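Asks: Below you'll find the structure I mean.
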Number of protein chains: 2
Amino acid sequence: MSRDLDREARAALSAVVEPGAFTVAKRVQSSGPVAVWEAVTGEDAKLDPKGVLARRARGVDGAAILARASELGIGYVCPGDAEWPAALDSMPATLDAGADAVPPPFGLWVRGNGSLAACGSEAVAVVGARAASAYGVRVGGDLSADLATAGWAVVSGAAYGIDAAAHRGALAMGGTTLAVLACGVDMAYPRSHGELLARIAQAGLVISEVAPGMEPMRSRFIARNRIIAALTAGTVVVEAALRSGALSTAHWAAKLGREVMMVPGPVTSDLSAGCHEWIRDKGGVLVTDAREVIDAAGRLGVDAAPMTTGAQRPLDSYHPDVRHVYERLPAFGAVTVDALSRQSGFLAGFLETSLRTLEAGGLVTHLQEGWARVPGAV
Amino acid sequence: MSRDLDREARAALSAVVEPGAFTVAKRVQSSGPVAVWEAVTGEDAKLDPKGVLARRARGVDGAAILARASELGIGYVCPGDAEWPAALDSMPATLDAGADAVPPPFGLWVRGNGSLAACGSEAVAVVGARAASAYGVRVGGDLSADLATAGWAVVSGAAYGIDAAAHRGALAMGGTTLAVLACGVDMAYPRSHGELLARIAQAGLVISEVAPGMEPMRSRFIARNRIIAALTAGTVVVEAALRSGALSTAHWAAKLGREVMMVPGPVTSDLSAGCHEWIRDKGGVLVTDAREVIDAAGRLGVDAAPMTTGAQRPLDSYHPDVRHVYERLPAFGAVTVDALSRQSGFLAGFLETSLRTLEAGGLVTHLQEGWARVPGAV
């Protein structure tokens, strides 16, 4: 019940608030989406001094948006849902990081047969210039094809140039590729990519944080790039001129502590200048093929706890979101469900179900002070 | 007098001992070249267990070699000579560094109108693959042309491919370029580069540590590359496959603490793979143009003491080799001429002349314990 109100509020906010807006995201983190939606419609002067949001919010009905989307085969995944990618859970903490904040989305609209579970530790973003060279298109395509062959998901923005090459490379190998758009997932942008998006949706997902029907706008592309960076273990920029928008994805990845990887090219090519600058001056890792990408991105991953190599851990046999609840438990000591819920953004009901599952498997135990990991059980 | 015997012994050694031979270099450092030449001709079993050197040394007369060379317009520059590049003074200390030793040459044979004074803090090595691509040849040439325009000397090995492009680029701008060969400076290797070498000699120098008439041999190329690395503030590798010989120059530069710079290229080109690997894994600095090379190589320089930026220091008005004597003095305390001679390899007479010059300028003072810097005078 409370989950439905939560979801409706998030859906409504996603139709009204500009993606990535810091103040609203901070308010949602502290007060929850229902309270924030009420503040928006109630013309909260602190949140919305010029009344812009309030005007946009008139007549907006979250439940109606959800229902219409559902008819179109579009789903809405929210924090607390089983499918919510744990990779995004590192975003709320950044709200205290000043200029380095990476505001979390209210939720993610999705269209397609794939799953957000593909995101995270074995997904990598492959992005780059729209006005790509033949070299960049070839390298982006080959890289993605090899990543797909290695079982990694390729995430990109379905733009012209490198993005399209990346999606196509993965599709060609029957791999999983996901597109994150700056517009509603019911729309094709660029228009000529309608068919590409349909192919992506077949085995993957078309994703957006903005509600169906919302237009692409310049500012929304930069905001969209932070979702691409957040959903992945690392970002590879195949080609980018010195001030290319594609580099914003690298900036977001760096803020999130994800691996930033750059493909070099001819020094005579302006389209490689941005990549070269990142390698020289900004800590970008030089990568030339999929193996090097996997080495670099595999190291960092999206989870705080490093995955052990070698034999399968007992934890590996659990559903990804249950694993993520385990990872959220402190290494030592216990935590209550309430505290865990506040820290993680997961809803209590979901946490309890997951914890009981882990308890049944002997990985966690319920103490007086709360839930704790069983030492050495993993 | 003693200088002539020194020089003759060095000339003789340079006709008999393989360039870069560690044991002989160490012996010369401790005992001086005259004693070592005597040991070689006297069949010292410790130095020359199989008598190879003794056999080669039969009939070799250092004075005759010098005389013949002089007739050919070839000079021999030895430690202690005014023209001896101070950049090479960091080599003797490496003889204690085990596998990282970079043995100093006995001397340098030179042919041409230029001067070894061009070497050092504003000289950079530009090297790379023999089987270069059109991209590498173009970039190597442009880079060198721009370095020459900026007043930097370009040092290379006159090989096919990148080396030749580097020399030509500098020559085209009327700049200074020096070639270090693996054979005697009276020979052209490769044969078709005779004219190129003649042009280099017009405003620059053709240099070798092996005596005139000595043939190029595979092992001598690797040894030659350490001279290229030692004469320069940094080494730029324009193109190199994974196991290219050109990378040995980078290894030597790293051992000498010089800047190692790599030019990236298409990841589809095997010829850039060695450069990419150095950037990823070995600390090579990615450079795309002459400005970035100068920034990187200018920082480190070849002198231990950092040059102050801004107003000219009093020391700046002295001849480079006198400055180098100053730099050799300890920051605190005094040192005798004998000790300084042993540490630096400079001959006592040269040191005394330089020290008196510095004393006259108030930069050093003669104490009971030896010579010392005057604090704050520089």
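Residues are named by chain letter and number: chains run A, B, ... in the order of the structure tokens, numbers start at 1 in each chain, and ligands are numbered from 1 in the order shown.
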Run DSSP on the backbone and grab whatever in segment 250-297 of chain A lands in strand (DSSP E or B); send it over as a list of chain:residue names.
Replies: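 Listing strand (DSSP E or B) positions across segment 250-297 of chain A yields A:Glu259, A:Val260, A:Met261, A:Met262, A:Val285, A:Leu286.
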Asks: How would the residues just chosen look if you wrote them out with N, CA, C and O atoms as a short mmCIF file (atom, residue, chain, number, x, y, z; two decimals), in the first residue's frame?
Replies:
data_model
loop_
_atom_site.label_atom_id
_atom_site.label_comp_id
_atom_site.auth_asym_id
_atom_site.auth_seq_id
_atom_site.Cartn_x
_atom_site.Cartn_y
_atom_site.Cartn_z
N GLU A 259 35.51 3.16 -12.66
CA GLU A 259 36.71 3.21 -13.50
C GLU A 259 36.44 4.07 -14.73
O GLU A 259 35.41 3.92 -15.39
N VAL A 260 37.35 4.96 -15.06
CA VAL A 260 37.24 5.77 -16.28
C VAL A 260 38.32 5.31 -17.25
O VAL A 260 39.50 5.35 -16.94
N MET A 261 37.90 4.84 -18.40
CA MET A 261 38.81 4.26 -19.37
C MET A 261 38.71 5.03 -20.68
O MET A 261 37.63 5.45 -21.08
N MET A 262 39.84 5.20 -21.33
CA MET A 262 39.90 5.98 -22.55
C MET A 262 40.61 5.20 -23.65
O MET A 262 41.62 4.55 -23.38
N VAL A 285 42.32 5.60 -17.62
CA VAL A 285 43.13 4.41 -17.89
C VAL A 285 43.13 4.16 -19.40
O VAL A 285 42.08 4.11 -20.02
N LEU A 286 44.30 3.99 -19.99
CA LEU A 286 44.38 3.71 -21.42
C LEU A 286 43.97 2.27 -21.66
O LEU A 286 44.52 1.34 -21.07
#
Asks: Chain A residues within 7 Å of chain B, counting only C-alpha atoms: which ones, as an NGL selection string?
Replies: :A and (264-267 or 280 or 285-286 or 288)
Asks: After a least-squares fit of chain A on chain B across every C-alpha pair in order, what's the RMSD, to one decimal?
Replies: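 The superposed chains show a C-alpha RMSD of 0.6 Å.
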Asks: Can you pull out every residue within 12 Å of Glu43 of chain B, counting only C-alpha atoms, but drop anything in the same chain fewer than 2 positions away, and send it as an mmCIF file with N, CA and C atoms, in the first residue's frame?
Replies:
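Contents of the output file part.cif:
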data_model
loop_
_atom_site.group_PDB
_atom_site.id
_atom_site.type_symbol
_atom_site.label_atom_id
_atom_site.label_comp_id
_atom_site.auth_asym_id
_atom_site.auth_seq_id
_atom_site.Cartn_x
_atom_site.Cartn_y
_atom_site.Cartn_z
ATOM 1 N N VAL B 36 93.420 0.369 -16.615
ATOM 2 C CA VAL B 36 92.592 -0.692 -17.193
ATOM 3 C C VAL B 36 93.140 -1.123 -18.547
ATOM 4 N N TRP B 37 93.630 -0.169 -19.341
ATOM 5 C CA TRP B 37 94.216 -0.544 -20.635
ATOM 6 C C TRP B 37 95.442 -1.421 -20.406
ATOM 7 N N GLU B 38 96.202 -1.093 -19.409
ATOM 8 C CA GLU B 38 97.365 -1.927 -19.083
ATOM 9 C C GLU B 38 96.923 -3.321 -18.669
ATOM 10 N N ALA B 39 95.828 -3.390 -17.915
ATOM 11 C CA ALA B 39 95.330 -4.688 -17.487
ATOM 12 C C ALA B 39 94.867 -5.513 -18.695
ATOM 13 N N VAL B 40 94.227 -4.825 -19.637
ATOM 14 C CA VAL B 40 93.736 -5.531 -20.820
ATOM 15 C C VAL B 40 94.891 -6.085 -21.640
ATOM 16 N N THR B 41 95.884 -5.228 -21.903
ATOM 17 C CA THR B 41 97.010 -5.697 -22.724
ATOM 18 C C THR B 41 97.882 -6.670 -21.947
ATOM 19 N N ALA B 45 93.460 -11.746 -15.901
ATOM 20 C CA ALA B 45 92.514 -12.854 -15.965
ATOM 21 C C ALA B 45 91.175 -12.532 -15.328
ATOM 22 N N LYS B 46 91.218 -11.603 -14.345
ATOM 23 C CA LYS B 46 89.964 -11.267 -13.666
ATOM 24 C C LYS B 46 89.069 -10.446 -14.589
ATOM 25 N N LEU B 47 89.701 -9.531 -15.276
ATOM 26 C CA LEU B 47 88.971 -8.620 -16.148
ATOM 27 C C LEU B 47 88.564 -9.316 -17.447
ATOM 28 N N ASP B 48 89.381 -10.245 -17.891
ATOM 29 C CA ASP B 48 89.267 -10.762 -19.248
ATOM 30 C C ASP B 48 89.578 -12.260 -19.237
ATOM 31 N N PRO B 49 88.696 -13.052 -18.602
ATOM 32 C CA PRO B 49 89.001 -14.463 -18.316
ATOM 33 C C PRO B 49 89.376 -15.281 -19.556
ATOM 34 N N LYS B 50 88.734 -14.997 -20.677
ATOM 35 C CA LYS B 50 89.002 -15.823 -21.862
ATOM 36 C C LYS B 50 90.030 -15.188 -22.791
ATOM 37 N N GLY B 51 90.555 -14.060 -22.352
ATOM 38 C CA GLY B 51 91.581 -13.420 -23.169
ATOM 39 C C GLY B 51 91.067 -12.800 -24.442
ATOM 40 N N VAL B 52 89.773 -12.615 -24.536
ATOM 41 C CA VAL B 52 89.186 -12.031 -25.752
ATOM 42 C C VAL B 52 89.694 -10.618 -25.962
ATOM 43 N N LEU B 53 89.629 -9.835 -24.881
ATOM 44 C CA LEU B 53 90.057 -8.443 -24.995
ATOM 45 C C LEU B 53 91.544 -8.355 -25.320
ATOM 46 N N ALA B 54 92.326 -9.194 -24.674
ATOM 47 C CA ALA B 54 93.773 -9.170 -24.917
ATOM 48 C C ALA B 54 94.077 -9.425 -26.386
ATOM 49 N N ARG B 55 93.337 -10.378 -26.956
ATOM 50 C CA ARG B 55 93.582 -10.686 -28.373
ATOM 51 C C ARG B 55 93.182 -9.521 -29.245
ATOM 52 N N ARG B 56 92.039 -8.960 -28.967
ATOM 53 C CA ARG B 56 91.592 -7.808 -29.765
ATOM 54 C C ARG B 56 92.557 -6.646 -29.622
ATOM 55 N N ALA B 57 93.176 -6.549 -28.431
ATOM 56 C CA ALA B 57 94.005 -5.374 -28.127
ATOM 57 C C ALA B 57 95.363 -5.418 -28.811
ATOM 58 N N ARG B 58 95.695 -6.577 -29.348
ATOM 59 C CA ARG B 58 97.032 -6.688 -29.956
ATOM 60 C C ARG B 58 97.172 -5.712 -31.105
#
Asks: Measuring atom to atom with only C-alpha atoms, identify which of B:Tyr326, B:Trp109, B:Trp84, B:Phe350 is nearest to Val374 of chain B.
Replies: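 With only C-alpha atoms as the atom set, the closest residue is B:Tyr326.
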Asks: For each of B:Ala241, B:Val127, B:Ala145, B:Ile74, take the minimum atom-to-atom distance to Asp270 of chain B, counting only C-alpha atoms, then give the residue where this is smallest.
Replies: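 Closest to Asp270 of chain B, using only C-alpha atoms: B:Ala241.
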Asks: Excluding Val34 of chain A and residues on its chain fewer than 4 positions from it, collect all residues at most 8 Å away from it, counting only C-alpha atoms, and give them as a list in words.
Replies: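 Residues near the query, excluding close chain neighbours: Leu5, Asp6, Ala9, Arg10 and Glu38 of chain A.
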Asks: Go through B:Ile222, B:Val337, B:Ile227, B:Ala134 one by one, measure the shortest atom-to-atom distance of each to Leu178 of chain B using only C-alpha atoms, and give the residue with the smallest value.
Replies: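 Closest candidate: B:Ile227.
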Asks: Would you please give, as JSON, numbers by chain, all residues of segment 3-168 of chain A that DSSP assigns to alpha helix (DSSP H) based on the backbone?
Replies: {"A": [3, 4, 5, 6, 7, 8, 9, 10, 11, 12, 13, 14, 15, 16, 22, 23, 24, 25, 26, 27, 28, 29, 30, 31, 33, 34, 35, 36, 37, 38, 39, 40, 41, 52, 53, 54, 55, 56, 57, 62, 63, 64, 65, 66, 67, 68, 69, 70, 71, 134, 135, 136, 137, 138, 139, 140, 141, 142, 143, 144, 145, 146, 147, 148, 149, 162, 163, 164, 165, 166, 167, 168]}
Asks: Record the distance separating atom CA of Ala240 of chain A and atom CA of Ala132 of chain A, expressed in Å with one decimal.
Replies: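 Separation of atom CA of Ala240 of chain A and atom CA of Ala132 of chain A: 8.2 Å.
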Asks: Measuring atom to atom with only C-alpha atoms, identify which of B:Ala131, B:Val17, B:Ala150, B:Leu329 is nearest to Arg291 of chain B.
Replies: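 For Arg291 of chain B, the nearest of the candidates is B:Ala150.
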Asks: Can you pull out the residues contacting His167 of chain A? Cut-off 10 Å, using only C-alpha atoms, and skip same-chain residues under 4 positions away; I want them as a PyMOL selection string.
Replies: chain A and resi 126-127+140-141+144-145+153-159+162-163+171-172+175-179+196-197+199-200
Asks: Write out as a list in words the residues lying within 9 Å of Ser208 of chain A, counting only C-alpha atoms and excluding same-chain residues fewer than 2 positions away.
Replies: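 Result of the neighbour search: Gly107, Leu108, Trp109, Val110, Ala179, Val180, Leu181, Ala182, Cys183, Gly184, Val185, Val206, Val210, Ala211, Pro212, Arg224 and Ile227 of chain A.
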Asks: Write the selection just made, keeping C-alpha atoms, as an mmCIF file, in the first residue's frame?
Replies:
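Printed below is selection.cif as written:
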data_model
loop_
_atom_site.group_PDB
_atom_site.id
_atom_site.type_symbol
_atom_site.label_atom_id
_atom_site.label_comp_id
_atom_site.auth_asym_id
_atom_site.auth_seq_id
_atom_site.Cartn_x
_atom_site.Cartn_y
_atom_site.Cartn_z
ATOM 1 C CA GLY A 107 13.051 5.743 -10.423
ATOM 2 C CA LEU A 108 13.776 4.231 -13.816
ATOM 3 C CA TRP A 109 11.255 3.802 -16.604
ATOM 4 C CA VAL A 110 12.013 0.674 -18.593
ATOM 5 C CA ALA A 179 20.165 2.248 -23.792
ATOM 6 C CA VAL A 180 19.603 5.142 -21.410
ATOM 7 C CA LEU A 181 17.690 7.989 -23.034
ATOM 8 C CA ALA A 182 17.294 11.672 -22.249
ATOM 9 C CA CYS A 183 13.649 11.494 -23.296
ATOM 10 C CA GLY A 184 10.746 9.192 -22.438
ATOM 11 C CA VAL A 185 11.325 5.528 -23.323
ATOM 12 C CA VAL A 206 15.502 1.070 -23.069
ATOM 13 C CA VAL A 210 12.070 10.957 -17.238
ATOM 14 C CA ALA A 211 8.448 9.949 -17.728
ATOM 15 C CA PRO A 212 7.079 8.679 -21.050
ATOM 16 C CA ARG A 224 21.190 11.251 -18.506
ATOM 17 C CA ILE A 227 22.673 7.346 -15.091
#
Asks: Could you give me, as a list in words, the residues within 10 Å of Val60 of chain B, counting only C-alpha atoms and dropping anything in the same chain fewer than 4 positions from it?
Replies: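 Contacts, with the query itself left out: Ala11, Ala12, Leu13, Ala15, Val16, Thr41, Arg55, Arg56, Ala64 and Ile65 of chain B.
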